>>> print(open('input-v6.cif').read())   # mmCIF, C-alpha atoms and all ligand atoms
data_entry
#
loop_
_atom_site.group_PDB
_atom_site.id
_atom_site.type_symbol
_atom_site.label_atom_id
_atom_site.label_comp_id
_atom_site.auth_asym_id
_atom_site.auth_seq_id
_atom_site.Cartn_x
_atom_site.Cartn_y
_atom_site.Cartn_z
ATOM 1 C CA MET S 1 -250.875 -18.089 22.020
ATOM 2 C CA THR S 2 -251.403 -21.835 22.421
ATOM 3 C CA PRO S 3 -248.496 -24.281 22.214
ATOM 4 C CA GLU S 4 -249.964 -25.350 18.846
ATOM 5 C CA ASP S 5 -249.958 -21.738 17.556
ATOM 6 C CA LEU S 6 -246.330 -21.408 18.609
ATOM 7 C CA ALA S 7 -245.360 -24.775 17.107
ATOM 8 C CA ALA S 8 -246.926 -23.693 13.807
ATOM 9 C CA VAL S 9 -244.334 -20.897 13.552
ATOM 10 C CA GLY S 10 -241.451 -22.961 14.939
ATOM 11 C CA LEU S 11 -241.428 -21.758 18.543
ATOM 12 C CA ARG S 12 -241.771 -23.301 22.000
ATOM 13 C CA LEU S 13 -242.375 -21.540 25.299
ATOM 14 C CA ASP S 14 -241.651 -23.297 28.593
ATOM 15 C CA ILE S 15 -242.251 -21.572 31.897
ATOM 16 C CA ASP S 16 -240.701 -23.025 35.034
ATOM 17 C CA GLY S 17 -241.463 -20.822 38.032
ATOM 18 C CA GLN S 18 -239.925 -17.418 37.378
ATOM 19 C CA VAL S 19 -237.847 -18.569 34.389
ATOM 20 C CA ALA S 20 -239.292 -18.657 30.870
ATOM 21 C CA THR S 21 -237.470 -20.369 28.020
ATOM 22 C CA VAL S 22 -238.231 -19.476 24.416
ATOM 23 C CA THR S 23 -236.876 -22.061 21.977
ATOM 24 C CA LEU S 24 -236.554 -21.625 18.226
ATOM 25 C CA ASP S 25 -237.707 -25.076 17.224
ATOM 26 C CA ARG S 26 -236.990 -25.659 13.530
ATOM 27 C CA PRO S 27 -233.795 -27.710 13.796
ATOM 28 C CA GLU S 28 -234.331 -29.201 10.328
ATOM 29 C CA VAL S 29 -233.615 -25.726 8.849
ATOM 30 C CA ARG S 30 -231.186 -24.756 11.617
ATOM 31 C CA ASN S 31 -233.838 -22.645 13.370
ATOM 32 C CA ALA S 32 -234.183 -20.298 10.404
ATOM 33 C CA GLN S 33 -236.506 -17.381 11.189
ATOM 34 C CA THR S 34 -239.627 -16.085 9.450
ATOM 35 C CA PRO S 35 -241.782 -12.959 9.808
ATOM 36 C CA ALA S 36 -244.519 -15.147 11.344
ATOM 37 C CA MET S 37 -242.005 -16.225 13.995
ATOM 38 C CA TRP S 38 -241.088 -12.585 14.732
ATOM 39 C CA ILE S 39 -244.757 -11.604 15.127
ATOM 40 C CA ALA S 40 -245.272 -14.560 17.497
ATOM 41 C CA LEU S 41 -242.151 -13.633 19.501
ATOM 42 C CA GLY S 42 -243.620 -10.151 20.029
ATOM 43 C CA GLU S 43 -246.867 -11.750 21.192
ATOM 44 C CA ILE S 44 -244.948 -13.915 23.683
ATOM 45 C CA GLY S 45 -243.456 -10.693 25.050
ATOM 46 C CA ARG S 46 -246.894 -9.070 25.398
ATOM 47 C CA THR S 47 -248.477 -12.056 27.139
ATOM 48 C CA LEU S 48 -245.656 -13.324 29.346
ATOM 49 C CA PRO S 49 -246.822 -13.858 32.968
ATOM 50 C CA HIS S 50 -245.860 -10.924 35.182
ATOM 51 C CA ASP S 51 -243.909 -13.004 37.677
ATOM 52 C CA VAL S 52 -241.357 -14.120 35.062
ATOM 53 C CA ARG S 53 -237.969 -12.629 36.000
ATOM 54 C CA VAL S 54 -235.626 -14.380 33.564
ATOM 55 C CA VAL S 55 -236.204 -15.155 29.870
ATOM 56 C CA VAL S 56 -233.811 -17.595 28.204
ATOM 57 C CA VAL S 57 -233.768 -17.600 24.397
ATOM 58 C CA THR S 58 -232.240 -20.600 22.706
ATOM 59 C CA GLY S 59 -232.345 -22.836 19.650
ATOM 60 C CA GLU S 60 -233.208 -26.509 19.406
ATOM 61 C CA GLY S 61 -230.246 -28.677 18.412
ATOM 62 C CA GLU S 62 -226.693 -27.654 17.704
ATOM 63 C CA THR S 63 -227.342 -24.326 15.902
ATOM 64 C CA PHE S 64 -228.812 -21.277 17.649
ATOM 65 C CA SER S 65 -230.237 -19.861 14.403
ATOM 66 C CA ALA S 66 -229.219 -19.721 10.722
ATOM 67 C CA GLY S 67 -230.973 -16.335 10.454
ATOM 68 C CA LEU S 68 -233.621 -15.406 7.961
ATOM 69 C CA ASP S 69 -235.278 -18.393 6.272
ATOM 70 C CA ARG S 70 -233.985 -18.197 2.725
ATOM 71 C CA ALA S 71 -237.445 -19.164 1.448
ATOM 72 C CA MET S 72 -238.536 -15.691 2.595
ATOM 73 C CA LEU S 73 -236.305 -14.145 -0.071
ATOM 74 C CA ASP S 74 -237.705 -16.340 -2.841
ATOM 75 C CA PRO S 75 -239.918 -14.299 -5.200
ATOM 76 C CA SER S 76 -242.095 -17.379 -5.752
ATOM 77 C CA THR S 77 -243.092 -17.222 -2.058
ATOM 78 C CA ALA S 78 -245.796 -14.605 -2.453
ATOM 79 C CA GLY S 79 -247.690 -12.743 0.249
ATOM 80 C CA GLN S 80 -247.136 -10.697 3.337
ATOM 81 C CA GLU S 81 -245.356 -13.452 5.169
ATOM 82 C CA SER S 82 -242.383 -13.386 2.827
ATOM 83 C CA VAL S 83 -239.756 -10.702 3.113
ATOM 84 C CA VAL S 84 -239.861 -10.283 -0.649
ATOM 85 C CA GLY S 85 -243.549 -9.374 -0.177
ATOM 86 C CA LEU S 86 -242.311 -6.047 1.227
ATOM 87 C CA LEU S 87 -241.510 -5.013 -2.357
ATOM 88 C CA ALA S 88 -245.221 -4.753 -3.131
ATOM 89 C CA LEU S 89 -245.669 -2.137 -0.387
ATOM 90 C CA SER S 90 -244.988 1.592 -0.367
ATOM 91 C CA ASP S 91 -241.826 2.686 1.468
ATOM 92 C CA ASP S 92 -243.892 3.756 4.487
ATOM 93 C CA GLU S 93 -245.895 0.523 4.536
ATOM 94 C CA ALA S 94 -242.726 -1.573 4.228
ATOM 95 C CA ALA S 95 -241.087 0.347 7.089
ATOM 96 C CA ALA S 96 -244.230 -0.158 9.215
ATOM 97 C CA ARG S 97 -244.088 -3.886 8.506
ATOM 98 C CA ILE S 98 -240.426 -4.033 9.556
ATOM 99 C CA ASP S 99 -241.408 -2.137 12.713
ATOM 100 C CA GLU S 100 -243.764 -5.045 13.495
ATOM 101 C CA PHE S 101 -240.970 -7.552 12.833
ATOM 102 C CA GLN S 102 -238.675 -5.605 15.177
ATOM 103 C CA GLY S 103 -241.283 -6.027 17.936
ATOM 104 C CA GLY S 104 -240.223 -9.686 18.040
ATOM 105 C CA PHE S 105 -236.808 -8.502 19.265
ATOM 106 C CA THR S 106 -237.409 -5.330 21.320
ATOM 107 C CA TRP S 107 -239.507 -6.964 24.060
ATOM 108 C CA LEU S 108 -236.388 -8.732 25.323
ATOM 109 C CA ARG S 109 -235.179 -5.350 26.692
ATOM 110 C CA ASP S 110 -238.147 -5.117 29.109
ATOM 111 C CA PRO S 111 -236.721 -4.283 32.575
ATOM 112 C CA ARG S 112 -239.139 -6.590 34.373
ATOM 113 C CA PHE S 113 -236.914 -9.560 33.464
ATOM 114 C CA VAL S 114 -233.333 -10.289 32.451
ATOM 115 C CA SER S 115 -232.986 -11.964 29.063
ATOM 116 C CA ILE S 116 -230.226 -14.469 28.329
ATOM 117 C CA ALA S 117 -229.320 -15.837 24.903
ATOM 118 C CA LYS S 118 -228.041 -19.401 25.273
ATOM 119 C CA VAL S 119 -226.038 -19.905 22.095
ATOM 120 C CA ARG S 120 -224.684 -23.124 20.619
ATOM 121 C CA GLY S 121 -223.207 -23.242 17.130
ATOM 122 C CA HIS S 122 -224.106 -20.593 14.566
ATOM 123 C CA ALA S 123 -225.950 -17.348 15.276
ATOM 124 C CA ILE S 124 -226.204 -15.808 11.823
ATOM 125 C CA GLY S 125 -227.901 -12.602 10.678
ATOM 126 C CA ALA S 126 -231.306 -12.462 12.358
ATOM 127 C CA GLY S 127 -229.956 -15.135 14.736
ATOM 128 C CA PHE S 128 -227.076 -12.877 15.769
ATOM 129 C CA GLN S 129 -229.531 -9.998 16.198
ATOM 130 C CA LEU S 130 -231.855 -12.098 18.356
ATOM 131 C CA ALA S 131 -228.907 -12.920 20.604
ATOM 132 C CA LEU S 132 -227.987 -9.218 20.680
ATOM 133 C CA SER S 133 -231.534 -8.342 21.779
ATOM 134 C CA CYS S 134 -230.951 -10.218 25.006
ATOM 135 C CA ASP S 135 -229.259 -8.587 27.986
ATOM 136 C CA LEU S 136 -226.675 -11.373 28.291
ATOM 137 C CA ARG S 137 -225.148 -13.954 25.987
ATOM 138 C CA VAL S 138 -223.794 -17.183 27.472
ATOM 139 C CA VAL S 139 -222.272 -19.349 24.782
ATOM 140 C CA ALA S 140 -220.880 -22.797 24.101
ATOM 141 C CA ASP S 141 -217.271 -22.873 23.018
ATOM 142 C CA ASP S 142 -218.425 -23.812 19.503
ATOM 143 C CA ALA S 143 -220.548 -20.644 19.148
ATOM 144 C CA LYS S 144 -220.024 -18.604 15.974
ATOM 145 C CA PHE S 145 -221.634 -15.223 15.415
ATOM 146 C CA SER S 146 -221.850 -13.632 11.979
ATOM 147 C CA MET S 147 -223.789 -10.639 10.704
ATOM 148 C CA LYS S 148 -224.372 -12.010 7.215
ATOM 149 C CA GLU S 149 -226.742 -9.274 6.005
ATOM 150 C CA SER S 150 -224.127 -7.359 4.032
ATOM 151 C CA ALA S 151 -223.344 -10.511 2.036
ATOM 152 C CA LEU S 152 -226.992 -10.440 0.903
ATOM 153 C CA GLY S 153 -226.903 -6.716 0.124
ATOM 154 C CA LEU S 154 -228.933 -5.912 3.248
ATOM 155 C CA VAL S 155 -228.356 -4.113 6.548
ATOM 156 C CA PRO S 156 -229.007 -5.593 10.006
ATOM 157 C CA ASP S 157 -232.511 -4.200 10.707
ATOM 158 C CA LEU S 158 -233.769 -6.384 13.543
ATOM 159 C CA THR S 159 -232.521 -4.069 16.309
ATOM 160 C CA GLY S 160 -229.010 -5.541 16.504
ATOM 161 C CA THR S 161 -226.881 -2.543 15.507
ATOM 162 C CA LYS S 162 -227.286 -0.504 18.714
ATOM 163 C CA PRO S 163 -226.386 -3.272 21.180
ATOM 164 C CA LEU S 164 -223.530 -4.401 18.937
ATOM 165 C CA VAL S 165 -221.964 -0.921 19.025
ATOM 166 C CA GLU S 166 -222.589 -0.685 22.777
ATOM 167 C CA HIS S 167 -220.883 -4.014 23.456
ATOM 168 C CA VAL S 168 -217.901 -3.926 21.097
ATOM 169 C CA GLY S 169 -217.517 -0.261 20.034
ATOM 170 C CA TYR S 170 -218.098 1.420 16.681
ATOM 171 C CA ALA S 171 -214.988 0.284 14.791
ATOM 172 C CA ARG S 172 -215.269 -3.400 15.734
ATOM 173 C CA ALA S 173 -219.038 -3.346 15.054
ATOM 174 C CA LEU S 174 -218.485 -1.868 11.596
ATOM 175 C CA GLU S 175 -215.796 -4.425 10.816
ATOM 176 C CA ILE S 176 -218.037 -7.323 11.965
ATOM 177 C CA CYS S 177 -221.087 -6.114 10.011
ATOM 178 C CA ALA S 178 -219.346 -4.969 6.828
ATOM 179 C CA THR S 179 -217.176 -8.078 6.403
ATOM 180 C CA ALA S 180 -219.855 -10.572 7.578
ATOM 181 C CA ARG S 181 -217.023 -12.570 9.144
ATOM 182 C CA VAL S 182 -217.428 -15.169 11.865
ATOM 183 C CA VAL S 183 -216.779 -14.140 15.474
ATOM 184 C CA PRO S 184 -215.893 -17.308 17.407
ATOM 185 C CA ALA S 185 -216.842 -17.889 21.067
ATOM 186 C CA GLU S 186 -213.448 -17.057 22.526
ATOM 187 C CA GLU S 187 -213.332 -13.710 20.697
ATOM 188 C CA ALA S 188 -216.978 -13.019 21.592
ATOM 189 C CA VAL S 189 -216.054 -13.170 25.284
ATOM 190 C CA ARG S 190 -212.854 -11.165 24.807
ATOM 191 C CA ILE S 191 -214.613 -8.261 23.039
ATOM 192 C CA GLY S 192 -217.570 -8.119 25.420
ATOM 193 C CA LEU S 193 -220.190 -9.722 23.192
ATOM 194 C CA ALA S 194 -220.663 -12.745 25.455
ATOM 195 C CA THR S 195 -220.318 -12.883 29.227
ATOM 196 C CA ALA S 196 -219.053 -16.477 29.291
ATOM 197 C CA SER S 197 -218.083 -19.386 27.065
ATOM 198 C CA VAL S 198 -218.276 -22.920 28.427
ATOM 199 C CA PRO S 199 -217.949 -26.428 26.950
ATOM 200 C CA SER S 200 -221.160 -27.289 25.102
ATOM 201 C CA ALA S 201 -221.994 -30.076 27.582
ATOM 202 C CA ASP S 202 -221.934 -27.527 30.437
ATOM 203 C CA LEU S 203 -224.017 -24.811 28.769
ATOM 204 C CA ASP S 204 -227.442 -25.799 30.131
ATOM 205 C CA ALA S 205 -226.095 -25.961 33.700
ATOM 206 C CA ALA S 206 -224.236 -22.643 33.330
ATOM 207 C CA VAL S 207 -227.400 -20.865 32.161
ATOM 208 C CA ALA S 208 -229.531 -22.533 34.846
ATOM 209 C CA ASP S 209 -227.056 -21.358 37.524
ATOM 210 C CA LEU S 210 -227.112 -17.826 36.125
ATOM 211 C CA ALA S 211 -230.927 -17.808 36.007
ATOM 212 C CA ALA S 212 -231.049 -18.975 39.641
ATOM 213 C CA ALA S 213 -228.646 -16.193 40.671
ATOM 214 C CA LEU S 214 -230.785 -13.610 38.836
ATOM 215 C CA VAL S 215 -234.026 -14.628 40.564
ATOM 216 C CA ALA S 216 -232.391 -14.837 44.018
ATOM 217 C CA PRO S 217 -232.586 -11.100 44.941
ATOM 218 C CA MET S 218 -235.842 -9.598 46.245
ATOM 219 C CA PRO S 219 -238.458 -9.048 43.524
ATOM 220 C CA GLY S 220 -238.045 -5.608 41.969
ATOM 221 C CA VAL S 221 -234.394 -4.958 42.676
ATOM 222 C CA VAL S 222 -232.968 -6.466 39.480
ATOM 223 C CA ALA S 223 -235.617 -4.660 37.430
ATOM 224 C CA GLU S 224 -234.660 -1.312 39.037
ATOM 225 C CA THR S 225 -230.977 -2.069 38.449
ATOM 226 C CA LYS S 226 -231.574 -3.007 34.807
ATOM 227 C CA THR S 227 -233.510 0.219 34.232
ATOM 228 C CA LEU S 228 -230.678 2.259 35.757
ATOM 229 C CA LEU S 229 -227.935 0.571 33.746
ATOM 230 C CA GLN S 230 -229.810 0.358 30.431
ATOM 231 C CA GLY S 231 -229.880 4.079 29.829
ATOM 232 C CA ALA S 232 -226.732 5.024 31.755
ATOM 233 C CA ALA S 233 -224.473 5.557 28.733
ATOM 234 C CA ASP S 234 -226.987 8.009 27.203
ATOM 235 C CA ARG S 235 -227.408 10.151 30.355
ATOM 236 C CA ASP S 236 -225.148 12.692 32.025
ATOM 237 C CA LEU S 237 -223.901 12.105 35.575
ATOM 238 C CA ASP S 238 -226.409 14.463 37.234
ATOM 239 C CA GLU S 239 -229.359 12.779 35.552
ATOM 240 C CA GLN S 240 -228.000 9.319 36.305
ATOM 241 C CA ARG S 241 -227.389 10.033 40.001
ATOM 242 C CA ARG S 242 -230.871 11.577 40.300
ATOM 243 C CA LEU S 243 -232.327 8.306 38.974
ATOM 244 C CA GLU S 244 -230.102 6.331 41.381
ATOM 245 C CA ARG S 245 -231.443 8.371 44.319
ATOM 246 C CA GLU S 246 -235.064 7.944 43.260
ATOM 247 C CA ALA S 247 -234.642 4.208 42.693
ATOM 248 C CA GLN S 248 -232.945 3.824 46.066
ATOM 249 C CA VAL S 249 -235.778 5.581 47.897
ATOM 250 C CA ARG S 250 -238.180 3.090 46.292
ATOM 251 C CA ARG S 251 -235.888 0.229 47.301
ATOM 252 C CA PHE S 252 -235.573 1.472 50.909
ATOM 253 C CA ARG S 253 -239.368 1.504 51.144
ATOM 254 C CA ALA S 254 -239.696 -1.945 49.545
ATOM 255 C CA VAL S 255 -237.070 -3.453 51.878
ATOM 256 C CA ALA S 256 -238.676 -1.824 54.936
ATOM 257 C CA ALA S 257 -242.109 -3.108 53.898
ATOM 258 C CA ALA S 258 -240.699 -6.621 53.424
ATOM 259 C CA LEU S 259 -239.033 -6.515 56.873
ATOM 260 C CA ALA S 260 -242.277 -5.315 58.480
ATOM 261 C CA ASP S 261 -244.213 -8.296 57.013
HETATM 262 N N1 LIG Z 301 -232.974 -20.734 5.622
HETATM 263 C C1 LIG Z 301 -233.565 -21.873 5.219
HETATM 264 N N2 LIG Z 301 -233.003 -23.111 5.331
HETATM 265 C C2 LIG Z 301 -231.790 -23.172 5.903
HETATM 266 C C3 LIG Z 301 -231.106 -22.009 6.361
HETATM 267 C C4 LIG Z 301 -231.753 -20.750 6.190
HETATM 268 N N3 LIG Z 301 -231.191 -19.601 6.596
HETATM 269 N N4 LIG Z 301 -229.894 -22.408 6.851
HETATM 270 C C5 LIG Z 301 -229.854 -23.740 6.730
HETATM 271 N N5 LIG Z 301 -230.988 -24.197 6.162
HETATM 272 C C6 LIG Z 301 -231.330 -25.592 5.832
HETATM 273 C C7 LIG Z 301 -230.472 -26.104 4.686
HETATM 274 O O1 LIG Z 301 -231.024 -25.744 3.430
HETATM 275 C C8 LIG Z 301 -230.533 -27.598 4.935
HETATM 276 O O2 LIG Z 301 -231.736 -28.111 4.450
HETATM 277 P P1 LIG Z 301 -231.764 -29.561 3.706
HETATM 278 O O3 LIG Z 301 -231.388 -30.540 4.789
HETATM 279 O O4 LIG Z 301 -233.176 -29.677 3.243
HETATM 280 O O5 LIG Z 301 -230.746 -29.483 2.624
HETATM 281 C C9 LIG Z 301 -230.573 -27.696 6.455
HETATM 282 O O6 LIG Z 301 -230.994 -26.422 6.927
HETATM 283 C C10 LIG Z 301 -229.221 -27.963 7.064
HETATM 284 O O7 LIG Z 301 -228.297 -27.021 6.540
HETATM 285 P P2 LIG Z 301 -226.737 -27.357 6.405
HETATM 286 O O8 LIG Z 301 -226.566 -28.734 5.826
HETATM 287 O O9 LIG Z 301 -226.094 -26.215 5.681
HETATM 288 O O10 LIG Z 301 -226.334 -27.399 7.951
HETATM 289 P P3 LIG Z 301 -224.932 -27.131 8.617
HETATM 290 O O11 LIG Z 301 -225.134 -27.455 10.045
HETATM 291 O O12 LIG Z 301 -223.836 -27.842 7.857
HETATM 292 O O13 LIG Z 301 -224.678 -25.547 8.434
HETATM 293 C C11 LIG Z 301 -225.241 -23.208 8.633
HETATM 294 C C12 LIG Z 301 -225.425 -24.652 9.173
HETATM 295 C C13 LIG Z 301 -223.804 -22.753 8.849
HETATM 296 C C14 LIG Z 301 -226.208 -22.360 9.448
HETATM 297 C C15 LIG Z 301 -225.550 -23.169 7.126
HETATM 298 O O14 LIG Z 301 -226.759 -23.874 6.886
HETATM 299 C C16 LIG Z 301 -225.721 -21.759 6.576
HETATM 300 O O15 LIG Z 301 -224.730 -21.081 6.332
HETATM 301 N N6 LIG Z 301 -226.993 -21.342 6.360
HETATM 302 C C17 LIG Z 301 -227.305 -20.067 5.721
HETATM 303 C C18 LIG Z 301 -227.146 -18.918 6.679
HETATM 304 C C19 LIG Z 301 -227.559 -17.604 6.064
HETATM 305 O O16 LIG Z 301 -226.989 -17.156 5.080
HETATM 306 N N7 LIG Z 301 -228.591 -16.991 6.658
HETATM 307 C C20 LIG Z 301 -229.072 -15.699 6.263
HETATM 308 C C21 LIG Z 301 -228.527 -14.687 7.258
HETATM 309 S S1 LIG Z 301 -228.887 -13.039 6.830
HETATM 310 C C22 LIG Z 301 -230.284 -12.626 7.674
HETATM 311 O O17 LIG Z 301 -230.677 -13.237 8.646
HETATM 312 C C23 LIG Z 301 -230.932 -11.434 7.000
HETATM 313 C C24 LIG Z 301 -231.910 -10.611 7.738
HETATM 314 O O18 LIG Z 301 -232.374 -10.845 8.837
HETATM 315 C C25 LIG Z 301 -232.336 -9.379 7.057
#
>>> encode(input="input-v6.cif", output="structure tokens")
Amino acid sequence: MTPEDLAAVGLRLDIDGQVATVTLDRPEVRNAQTPAMWIALGEIGRTLPHDVRVVVVTGEGETFSAGLDRAMLDPSTAGQESVVGLLALSDDEAAARIDEFQGGFTWLRDPRFVSIAKVRGHAIGAGFQLALSCDLRVVADDAKFSMKESALGLVPDLTGTKPLVEHVGYARALEICATARVVPAEEAVRIGLATASVPSADLDAAVADLAAALVAPMPGVVAETKTLLQGAADRDLDEQRRLEREAQVRRFRAVAAALAD
């Protein structure tokens, strides 16, 4: 997609060496999200250069994202692009459409890079779920997460429920989703939702340092490690240690080949 195509849906993509930064760029509506933005995010994932090893996702201005653009719930906004447009579809067609929307979030799990959500201010609903789609969340001390869907009579459907349970456990996840309450930065770190909280003025530097540390190891090793860890909780010990052995044999060969060069 061209920069103009991305700008038309409120996105920016900047690639600096091995680090790509995706910015939600609609600060006038607090980076509210639309289906067109989700489709474009999925396309960014499909077309990202293969040497990118870190993807930073952030929002322009002081708010990460106010979640779904409320205009998308307005019945006067007709057509496929509105969420209310789903009502005109059969159940199967509507589910297929949501599957496409989810593609804007799932690509951030790709093992070939590590994804980092850089969060300032509010991350609400779809904004919270976008942050949850990333491997890591590094936040400013003014960050506020809230899963507002229940307040609208909806469920979180943009792939956020699984990582939320994995990070904070079932009971805390249920409490956060069902009450739609705000989780402030300090609590986010304490319960394992964010890896670090720093003063807002230091956030860019903290994420840049983390990105540099993530690209420092030999190519391939972080991707192998991410693949191992991603599925670890769902596998038994024998399966997990088999995958460790196989990955290590590949790493031994890669290290030996690099030393022989
Ligand atoms: N959609 C569209 N416009 C939005 C928006 C949204 N979600 N959130 C904020 N805006 C607009 C406001 O209408 C306002 O526009 P005007 O200047 O034209 O009046 C502008 O952004 C600034 O908003 P505020 O003055 O409210 O800004 P703030 O910084 O004081 O507050 C905020 C920021 C806390 C995010 C607040 O705007 C807010 O609570 N927004 C609504 C959040 C929300 O309920 N989102 C839906 C989440 S549920 C979801 O995402 C569902 C799903 O995926 C299924």
>>> atom_distance(input="input-v6.cif", atom1="atom CA of S:Lys148", atom2="atom CA of S:Gly125")
5.0 Å
>>> atom_distance(input="input-v6.cif", atom1="atom CA of S:Val52", atom2="atom CA of S:Ile116")
13.0 Å
>>> residues_near_ligand(input="input-v6.cif", ligand="ligand LIG 301 (chain Z)", cutoff="7 Å", atoms="only C-alpha atoms and all ligand atoms", output="ChimeraX atom specification")
/S:28-30,32,63,65-71,122,124-127,147-149,152,154-158
>>> write_last_selection(input="input-v6.cif", atoms="C-alpha atoms", output="PDB file, in the frame of the given file")
ATOM      1  CA  GLU S  28    -234.331 -29.201  10.328  1.00  0.00           C
ATOM      2  CA  VAL S  29    -233.615 -25.726   8.849  1.00  0.00           C
ATOM      3  CA  ARG S  30    -231.186 -24.756  11.617  1.00  0.00           C
ATOM      4  CA  ALA S  32    -234.183 -20.298  10.404  1.00  0.00           C
ATOM      5  CA  THR S  63    -227.342 -24.326  15.902  1.00  0.00           C
ATOM      6  CA  SER S  65    -230.237 -19.861  14.403  1.00  0.00           C
ATOM      7  CA  ALA S  66    -229.219 -19.721  10.722  1.00  0.00           C
ATOM      8  CA  GLY S  67    -230.973 -16.335  10.454  1.00  0.00           C
ATOM      9  CA  LEU S  68    -233.621 -15.406   7.961  1.00  0.00           C
ATOM     10  CA  ASP S  69    -235.278 -18.393   6.272  1.00  0.00           C
ATOM     11  CA  ARG S  70    -233.985 -18.197   2.725  1.00  0.00           C
ATOM     12  CA  ALA S  71    -237.445 -19.164   1.448  1.00  0.00           C
ATOM     13  CA  HIS S 122    -224.106 -20.593  14.566  1.00  0.00           C
ATOM     14  CA  ILE S 124    -226.204 -15.808  11.823  1.00  0.00           C
ATOM     15  CA  GLY S 125    -227.901 -12.602  10.678  1.00  0.00           C
ATOM     16  CA  ALA S 126    -231.306 -12.462  12.358  1.00  0.00           C
ATOM     17  CA  GLY S 127    -229.956 -15.135  14.736  1.00  0.00           C
ATOM     18  CA  MET S 147    -223.789 -10.639  10.704  1.00  0.00           C
ATOM     19  CA  LYS S 148    -224.372 -12.010   7.215  1.00  0.00           C
ATOM     20  CA  GLU S 149    -226.742  -9.274   6.005  1.00  0.00           C
ATOM     21  CA  LEU S 152    -226.992 -10.440   0.903  1.00  0.00           C
ATOM     22  CA  LEU S 154    -228.933  -5.912   3.248  1.00  0.00           C
ATOM     23  CA  VAL S 155    -228.356  -4.113   6.548  1.00  0.00           C
ATOM     24  CA  PRO S 156    -229.007  -5.593  10.006  1.00  0.00           C
ATOM     25  CA  ASP S 157    -232.511  -4.200  10.707  1.00  0.00           C
ATOM     26  CA  LEU S 158    -233.769  -6.384  13.543  1.00  0.00           C
TER      27      LEU S 158
END
>>> residues_around(input="input-v6.cif", residues="S:Met1", least_positions_apart="4", cutoff="12 Å", atoms="all atoms listed in the file", output="count of residues only")
18
>>> closest_residue(input="input-v6.cif", among="S:Ala173, S:Ala211, S:Ala94, S:Met37", to="S:Asp16", atoms="all atoms listed in the file")
S:Ala211
>>> resolve_selection(input="input-v6.cif", expression="the PyMOL selection byres (((chain S and resi 17-24) around 7) and not hetatm)", output="list in words")
Gly10, Leu11, Arg12, Leu13, Asp14, Ile15, Asp16, Asp25, Arg26, Asn31, Asp51, Val52, Arg53, Val54, Val55, Val56, Val57, Thr58, Gly59 and Glu60 of chain S
>>> decode(input="input-v6.cif", residues="stretch 24-33 of chain S", atoms="N, CA, C and O atoms", output="PDB file, in the first residue's frame")
ATOM      1  N   LEU S  24      -1.181   4.755  14.329  1.00  0.00           N
ATOM      2  CA  LEU S  24      -2.571   5.142  14.105  1.00  0.00           C
ATOM      3  C   LEU S  24      -2.568   6.667  14.071  1.00  0.00           C
ATOM      4  O   LEU S  24      -2.151   7.298  15.044  1.00  0.00           O
ATOM      5  N   ASP S  25      -3.002   7.228  12.979  1.00  0.00           N
ATOM      6  CA  ASP S  25      -2.768   8.659  12.751  1.00  0.00           C
ATOM      7  C   ASP S  25      -4.089   9.403  12.498  1.00  0.00           C
ATOM      8  O   ASP S  25      -4.291   9.984  11.436  1.00  0.00           O
ATOM      9  N   ARG S  26      -4.966   9.343  13.512  1.00  0.00           N
ATOM     10  CA  ARG S  26      -6.212  10.126  13.457  1.00  0.00           C
ATOM     11  C   ARG S  26      -6.368  10.853  14.807  1.00  0.00           C
ATOM     12  O   ARG S  26      -7.364  10.653  15.514  1.00  0.00           O
ATOM     13  N   PRO S  27      -5.377  11.663  15.164  1.00  0.00           N
ATOM     14  CA  PRO S  27      -5.410  12.239  16.519  1.00  0.00           C
ATOM     15  C   PRO S  27      -6.654  13.075  16.783  1.00  0.00           C
ATOM     16  O   PRO S  27      -7.091  13.187  17.922  1.00  0.00           O
ATOM     17  N   GLU S  28      -7.267  13.612  15.713  1.00  0.00           N
ATOM     18  CA  GLU S  28      -8.448  14.463  15.916  1.00  0.00           C
ATOM     19  C   GLU S  28      -9.636  13.665  16.451  1.00  0.00           C
ATOM     20  O   GLU S  28     -10.552  14.222  17.041  1.00  0.00           O
ATOM     21  N   VAL S  29      -9.634  12.338  16.251  1.00  0.00           N
ATOM     22  CA  VAL S  29     -10.677  11.475  16.853  1.00  0.00           C
ATOM     23  C   VAL S  29     -10.009  10.447  17.771  1.00  0.00           C
ATOM     24  O   VAL S  29     -10.495   9.343  17.944  1.00  0.00           O
ATOM     25  N   ARG S  30      -8.884  10.851  18.343  1.00  0.00           N
ATOM     26  CA  ARG S  30      -8.160  10.029  19.317  1.00  0.00           C
ATOM     27  C   ARG S  30      -7.827   8.644  18.749  1.00  0.00           C
ATOM     28  O   ARG S  30      -7.943   7.624  19.404  1.00  0.00           O
ATOM     29  N   ASN S  31      -7.434   8.659  17.464  1.00  0.00           N
ATOM     30  CA  ASN S  31      -6.999   7.419  16.787  1.00  0.00           C
ATOM     31  C   ASN S  31      -8.076   6.329  16.839  1.00  0.00           C
ATOM     32  O   ASN S  31      -7.768   5.137  17.007  1.00  0.00           O
ATOM     33  N   ALA S  32      -9.328   6.765  16.684  1.00  0.00           N
ATOM     34  CA  ALA S  32     -10.436   5.811  16.607  1.00  0.00           C
ATOM     35  C   ALA S  32     -10.238   4.924  15.374  1.00  0.00           C
ATOM     36  O   ALA S  32      -9.686   5.349  14.359  1.00  0.00           O
ATOM     37  N   GLN S  33     -10.674   3.678  15.482  1.00  0.00           N
ATOM     38  CA  GLN S  33     -10.398   2.663  14.460  1.00  0.00           C
ATOM     39  C   GLN S  33     -11.638   2.352  13.617  1.00  0.00           C
ATOM     40  O   GLN S  33     -12.768   2.417  14.102  1.00  0.00           O
TER      41      GLN S  33
END
